[in-house]
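Q: This one is protein_18.cif, mmCIF, N, CA and C atoms.
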```cif
data_start
loop_
_atom_site.label_atom_id
_atom_site.label_comp_id
_atom_site.auth_asym_id
_atom_site.auth_seq_id
_atom_site.Cartn_x
_atom_site.Cartn_y
_atom_site.Cartn_z
N MET A 186 16.91 -5.13 -2.32
CA MET A 186 16.06 -6.26 -2.65
C MET A 186 14.93 -5.80 -3.57
N ALA A 187 14.52 -6.68 -4.43
CA ALA A 187 13.44 -6.37 -5.37
C ALA A 187 12.08 -6.72 -4.77
N ALA A 188 11.08 -6.00 -5.22
CA ALA A 188 9.72 -6.22 -4.72
C ALA A 188 9.20 -7.62 -5.07
N GLN A 189 9.86 -8.32 -6.00
CA GLN A 189 9.42 -9.65 -6.40
C GLN A 189 9.49 -10.66 -5.26
N ILE A 190 10.20 -10.34 -4.20
CA ILE A 190 10.27 -11.25 -3.06
C ILE A 190 8.99 -11.18 -2.22
N LEU A 191 8.19 -10.13 -2.43
CA LEU A 191 6.95 -9.97 -1.68
C LEU A 191 5.84 -10.85 -2.26
N ALA A 192 4.86 -11.15 -1.44
CA ALA A 192 3.68 -11.89 -1.90
C ALA A 192 2.95 -11.05 -2.95
N PRO A 193 2.24 -11.70 -3.87
CA PRO A 193 1.56 -10.97 -4.96
C PRO A 193 0.66 -9.83 -4.51
N ASP A 194 -0.10 -9.99 -3.44
CA ASP A 194 -0.96 -8.91 -2.96
C ASP A 194 -0.14 -7.68 -2.58
N TYR A 195 0.98 -7.88 -1.93
CA TYR A 195 1.84 -6.77 -1.53
C TYR A 195 2.49 -6.12 -2.76
N GLN A 196 2.87 -6.93 -3.75
CA GLN A 196 3.42 -6.38 -4.99
C GLN A 196 2.42 -5.48 -5.69
N ARG A 197 1.15 -5.90 -5.72
CA ARG A 197 0.10 -5.09 -6.36
C ARG A 197 -0.09 -3.77 -5.63
N ILE A 198 -0.09 -3.81 -4.30
CA ILE A 198 -0.24 -2.58 -3.52
C ILE A 198 0.92 -1.64 -3.81
N LEU A 199 2.13 -2.18 -3.80
CA LEU A 199 3.30 -1.35 -4.08
C LEU A 199 3.26 -0.76 -5.48
N SER A 200 2.83 -1.54 -6.45
CA SER A 200 2.79 -1.02 -7.82
C SER A 200 1.83 0.16 -7.93
N VAL A 201 0.71 0.11 -7.22
CA VAL A 201 -0.22 1.25 -7.22
C VAL A 201 0.41 2.44 -6.49
N LEU A 202 1.05 2.20 -5.35
CA LEU A 202 1.67 3.29 -4.61
C LEU A 202 2.82 3.93 -5.40
N GLU A 203 3.50 3.15 -6.23
CA GLU A 203 4.59 3.66 -7.05
C GLU A 203 4.11 4.37 -8.31
N SER A 204 2.85 4.18 -8.66
CA SER A 204 2.31 4.80 -9.87
C SER A 204 2.14 6.30 -9.65
N GLU A 205 1.84 7.00 -10.74
CA GLU A 205 1.62 8.44 -10.67
C GLU A 205 0.52 8.77 -9.65
N ALA A 206 -0.53 7.99 -9.63
CA ALA A 206 -1.65 8.24 -8.72
C ALA A 206 -1.23 8.14 -7.25
N GLY A 207 -0.25 7.32 -6.95
CA GLY A 207 0.15 7.10 -5.57
C GLY A 207 1.29 7.95 -5.08
N ARG A 208 1.88 8.75 -5.93
CA ARG A 208 3.07 9.53 -5.53
C ARG A 208 2.81 10.52 -4.42
N GLU A 209 1.62 11.10 -4.38
CA GLU A 209 1.28 12.06 -3.32
C GLU A 209 0.72 11.37 -2.09
N GLY A 210 0.50 10.08 -2.17
CA GLY A 210 -0.06 9.31 -1.07
C GLY A 210 -1.49 8.92 -1.37
N MET A 211 -1.87 7.77 -0.88
CA MET A 211 -3.22 7.26 -1.12
C MET A 211 -3.82 6.74 0.18
N ARG A 212 -5.10 6.96 0.33
CA ARG A 212 -5.86 6.35 1.41
C ARG A 212 -6.25 4.94 0.96
N CYS A 213 -6.60 4.11 1.90
CA CYS A 213 -6.91 2.72 1.59
C CYS A 213 -8.16 2.59 0.71
N GLN A 214 -9.10 3.50 0.83
CA GLN A 214 -10.27 3.47 -0.05
C GLN A 214 -9.83 3.71 -1.50
N GLN A 215 -8.89 4.63 -1.70
CA GLN A 215 -8.37 4.91 -3.04
C GLN A 215 -7.60 3.70 -3.57
N LEU A 216 -6.85 3.06 -2.69
CA LEU A 216 -6.12 1.84 -3.08
C LEU A 216 -7.09 0.76 -3.54
N ALA A 217 -8.17 0.60 -2.81
CA ALA A 217 -9.16 -0.42 -3.17
C ALA A 217 -9.71 -0.16 -4.57
N VAL A 218 -10.05 1.07 -4.87
CA VAL A 218 -10.56 1.43 -6.20
C VAL A 218 -9.50 1.14 -7.26
N ALA A 219 -8.26 1.56 -7.00
CA ALA A 219 -7.18 1.37 -7.97
C ALA A 219 -6.89 -0.11 -8.21
N LEU A 220 -7.12 -0.95 -7.22
CA LEU A 220 -6.88 -2.38 -7.35
C LEU A 220 -8.10 -3.14 -7.87
N GLY A 221 -9.19 -2.41 -8.09
CA GLY A 221 -10.39 -3.05 -8.61
C GLY A 221 -11.17 -3.83 -7.57
N LEU A 222 -11.00 -3.47 -6.31
CA LEU A 222 -11.71 -4.15 -5.22
C LEU A 222 -12.95 -3.36 -4.84
N GLU A 223 -13.89 -4.06 -4.22
CA GLU A 223 -15.06 -3.38 -3.68
C GLU A 223 -14.62 -2.49 -2.52
N VAL A 224 -15.21 -1.31 -2.44
CA VAL A 224 -14.88 -0.41 -1.34
C VAL A 224 -15.86 -0.68 -0.19
N VAL A 225 -15.60 -1.80 0.47
CA VAL A 225 -16.39 -2.22 1.63
C VAL A 225 -15.43 -2.36 2.80
N PRO A 226 -15.91 -2.21 4.02
CA PRO A 226 -15.02 -2.24 5.19
C PRO A 226 -14.06 -3.43 5.23
N ALA A 227 -14.50 -4.60 4.90
CA ALA A 227 -13.62 -5.78 4.98
C ALA A 227 -12.43 -5.65 4.04
N LYS A 228 -12.66 -5.19 2.82
CA LYS A 228 -11.57 -5.03 1.84
C LYS A 228 -10.65 -3.89 2.23
N VAL A 229 -11.24 -2.76 2.65
CA VAL A 229 -10.45 -1.58 3.01
C VAL A 229 -9.57 -1.88 4.22
N GLU A 230 -10.12 -2.54 5.23
CA GLU A 230 -9.33 -2.86 6.43
C GLU A 230 -8.22 -3.86 6.11
N GLY A 231 -8.49 -4.80 5.21
CA GLY A 231 -7.44 -5.73 4.77
C GLY A 231 -6.30 -5.00 4.10
N LEU A 232 -6.63 -4.04 3.25
CA LEU A 232 -5.60 -3.23 2.59
C LEU A 232 -4.83 -2.40 3.62
N ARG A 233 -5.54 -1.83 4.58
CA ARG A 233 -4.88 -1.02 5.61
C ARG A 233 -3.87 -1.86 6.39
N SER A 234 -4.25 -3.08 6.72
CA SER A 234 -3.36 -3.98 7.44
C SER A 234 -2.11 -4.29 6.61
N LYS A 235 -2.31 -4.57 5.34
CA LYS A 235 -1.17 -4.88 4.46
C LYS A 235 -0.30 -3.65 4.25
N ALA A 236 -0.90 -2.48 4.10
CA ALA A 236 -0.12 -1.25 3.93
C ALA A 236 0.72 -0.98 5.18
N ARG A 237 0.14 -1.20 6.34
CA ARG A 237 0.90 -1.01 7.58
C ARG A 237 2.07 -1.98 7.67
N ARG A 238 1.86 -3.22 7.22
CA ARG A 238 2.97 -4.19 7.21
C ARG A 238 4.08 -3.74 6.28
N LEU A 239 3.70 -3.18 5.13
CA LEU A 239 4.71 -2.67 4.20
C LEU A 239 5.50 -1.53 4.85
N VAL A 240 4.84 -0.69 5.62
CA VAL A 240 5.53 0.38 6.34
C VAL A 240 6.48 -0.20 7.38
N GLU A 241 5.99 -1.15 8.17
CA GLU A 241 6.82 -1.77 9.22
C GLU A 241 8.06 -2.43 8.64
N ARG A 242 7.95 -2.96 7.44
CA ARG A 242 9.06 -3.69 6.81
C ARG A 242 9.91 -2.81 5.92
N GLY A 243 9.60 -1.51 5.85
CA GLY A 243 10.45 -0.58 5.12
C GLY A 243 10.20 -0.48 3.63
N TRP A 244 9.05 -0.94 3.15
CA TRP A 244 8.74 -0.87 1.72
C TRP A 244 7.88 0.34 1.38
N ALA A 245 7.20 0.88 2.36
CA ALA A 245 6.30 2.02 2.15
C ALA A 245 6.43 2.93 3.35
N ARG A 246 5.79 4.09 3.24
CA ARG A 246 5.76 4.97 4.40
C ARG A 246 4.38 5.57 4.56
N GLN A 247 4.08 5.94 5.77
CA GLN A 247 2.80 6.57 6.07
C GLN A 247 3.09 8.06 6.22
N VAL A 248 2.65 8.86 5.24
CA VAL A 248 2.98 10.29 5.23
C VAL A 248 2.09 11.10 6.15
N ARG A 249 0.87 10.65 6.34
CA ARG A 249 -0.10 11.22 7.28
C ARG A 249 -0.91 10.04 7.79
N PRO A 250 -1.62 10.21 8.87
CA PRO A 250 -2.44 9.09 9.34
C PRO A 250 -3.37 8.57 8.24
N GLY A 251 -3.20 7.31 7.89
CA GLY A 251 -4.04 6.67 6.89
C GLY A 251 -3.67 6.93 5.45
N VAL A 252 -2.56 7.63 5.20
CA VAL A 252 -2.13 7.95 3.83
C VAL A 252 -0.76 7.32 3.60
N PHE A 253 -0.67 6.47 2.57
CA PHE A 253 0.53 5.67 2.31
C PHE A 253 1.16 6.02 0.98
N THR A 254 2.50 5.94 0.91
CA THR A 254 3.24 6.06 -0.34
C THR A 254 4.31 4.98 -0.36
N ALA A 255 4.90 4.76 -1.50
CA ALA A 255 5.95 3.75 -1.65
C ALA A 255 7.31 4.37 -1.44
N LEU A 256 8.27 3.53 -1.11
CA LEU A 256 9.67 3.90 -1.09
C LEU A 256 10.34 3.25 -2.28
N ALA A 257 11.55 3.65 -2.59
CA ALA A 257 12.28 3.05 -3.70
C ALA A 257 12.62 1.59 -3.40
N GLY A 258 12.86 1.26 -2.17
CA GLY A 258 13.21 -0.10 -1.77
C GLY A 258 13.13 -0.20 -0.26
N PRO A 259 13.40 -1.37 0.30
CA PRO A 259 13.31 -1.52 1.75
C PRO A 259 14.37 -0.74 2.49
N ALA A 260 14.03 -0.23 3.64
CA ALA A 260 14.99 0.47 4.48
C ALA A 260 15.98 -0.54 5.03
N GLY A 261 17.24 -0.15 5.05
CA GLY A 261 18.28 -1.04 5.46
C GLY A 261 18.23 -1.33 6.87
#
```
Could you render the structure as C-alpha cells?

A:
Amino acid sequence: MAAQILAPDYQRILSVLESEAGREGMRCQQLAVALGLEVVPAKVEGLRSKARRLVERGWARQVRPGVFTALAGPAG
C-alpha cells in the first residue's frame, strides 16, 4: 500500500523519516523542527503519539526508546 492512504499529517511525518535526515532515526523534537513546528510540549507529544501510531500500524519502527525511522511500507 502507498503512503497516500494515510492522513496528511502522517504522510508528512513519514516523508521526514524517509529523508536523509531520518534514516538513522529521529527524536520527536527533531521531527518538530524538520516539520517547521514549534518545539513545545504540546506539539512534541502530538508528534510522539502519531509516530507511535505509525509504528503500531507497520509504517515506521522505533529503533530505540523515543527514536523513530520509516519502513519501506506497511508490515503485512

Q: Find the residue from A:Lys235, A:Val224, A:Leu256, A:Val248 that sits nearest to Tyr195 of chain A; use only N, CA and C atoms when measuring.

A: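 Selected residue with least distance to Tyr195 of chain A: A:Lys235.
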
Q: Run the PyMOL selection byres (((chain A and resi 196 and name CA) around 12) and name CA) mentally over the shown coordinates, then write out the matched residues as a list in words, using the chain letters and numbers from the document.

A: Ala187, Ala188, Gln189, Ile190, Leu191, Ala192, Pro193, Asp194, Tyr195, Arg197, Ile198, Leu199, Ser200, Val201, Leu202, Glu203, Leu220, Lys235, Ala236, Leu239, Trp244, Ala245 and Ala255 of chain A

Q: Go through A:Glu223, A:Lys228, A:Val240, A:Gln214 one by one, measure the shortest atom-to-atom distance of each to Thr254 of chain A using only C-alpha atoms, and give the residue with the smallest value.

A: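 Closest residue, counting only C-alpha atoms: A:Val240.
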
Q: Please return as a PyMOL selection string: the residues of chain A that backbone DSSP assigns to helix (DSSP H, G or I).

A: chain A and resi 188-190+193-203+205-207+213-219+226-241

Q: Atom C of Arg246 of chain A and atom C of Leu222 of chain A, how far apart in Å?

A: 21.6 Å

Q: I'd like to see the residues matched by the PyMOL selection byres (((chain A and resi 208-210 and name CA) around 6) and name CA) on this file, and ideally I'd get them as a list in words.

A: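 Applied to this file, the PyMOL selection byres (((chain A and resi 208-210 and name CA) around 6) and name CA) returns Glu205, Ala206, Gly207, Met211, Val252, Phe253 and Thr254 of chain A.
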
Q: Using the file's own x, y and z axes, so that the box edges lie along x, y and z, what centre and edge lengths in Å (one decimal) does a box around every listed atom of segment 208-217 of chain A get when 3 Å is added on each side? Give it as AutoDock Vina command-line options.

A:
```
--center_x -3.6 --center_y 5.8 --center_z -2.0 --size_x 19.3 --size_y 18.5 --size_z 13.8
```

Q: For a test of reading the model, state the distance in Å between atom N of Gly243 of chain A and atom N of Ser204 of chain A, rounded to one decimal.

A: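 Computing it gives 17.0 Å between the two atoms.
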
Q: Atom CA of Glu241 of chain A and atom CA of Ala227 of chain A are how many Å apart?

A: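 Interatomic distance here is 21.3 Å.
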
Q: Using DSSP assignments from the backbone, pull out every residue in chain A that falls under strand (DSSP E) and give it to me as a ChimeraX atom specification.

A: /A:245-249,252-255

Q: My list of candidates is A:Ser234, A:Val218, A:Pro226, A:Arg212. Which is closest to Gly251 of chain A when distances are computed with all atoms listed in the file?

A: A:Arg212

Q: At a cut-off of 6 Å, using all atoms listed in the file, what residues contact Cys213 of chain A? Leave out same-chain residues fewer than 3 positions from it and give the result as a list in words.

A: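 Residues near the query, excluding close chain neighbours: Leu216, Ala217, Val229, Leu232, Arg233 and Gly251 of chain A.
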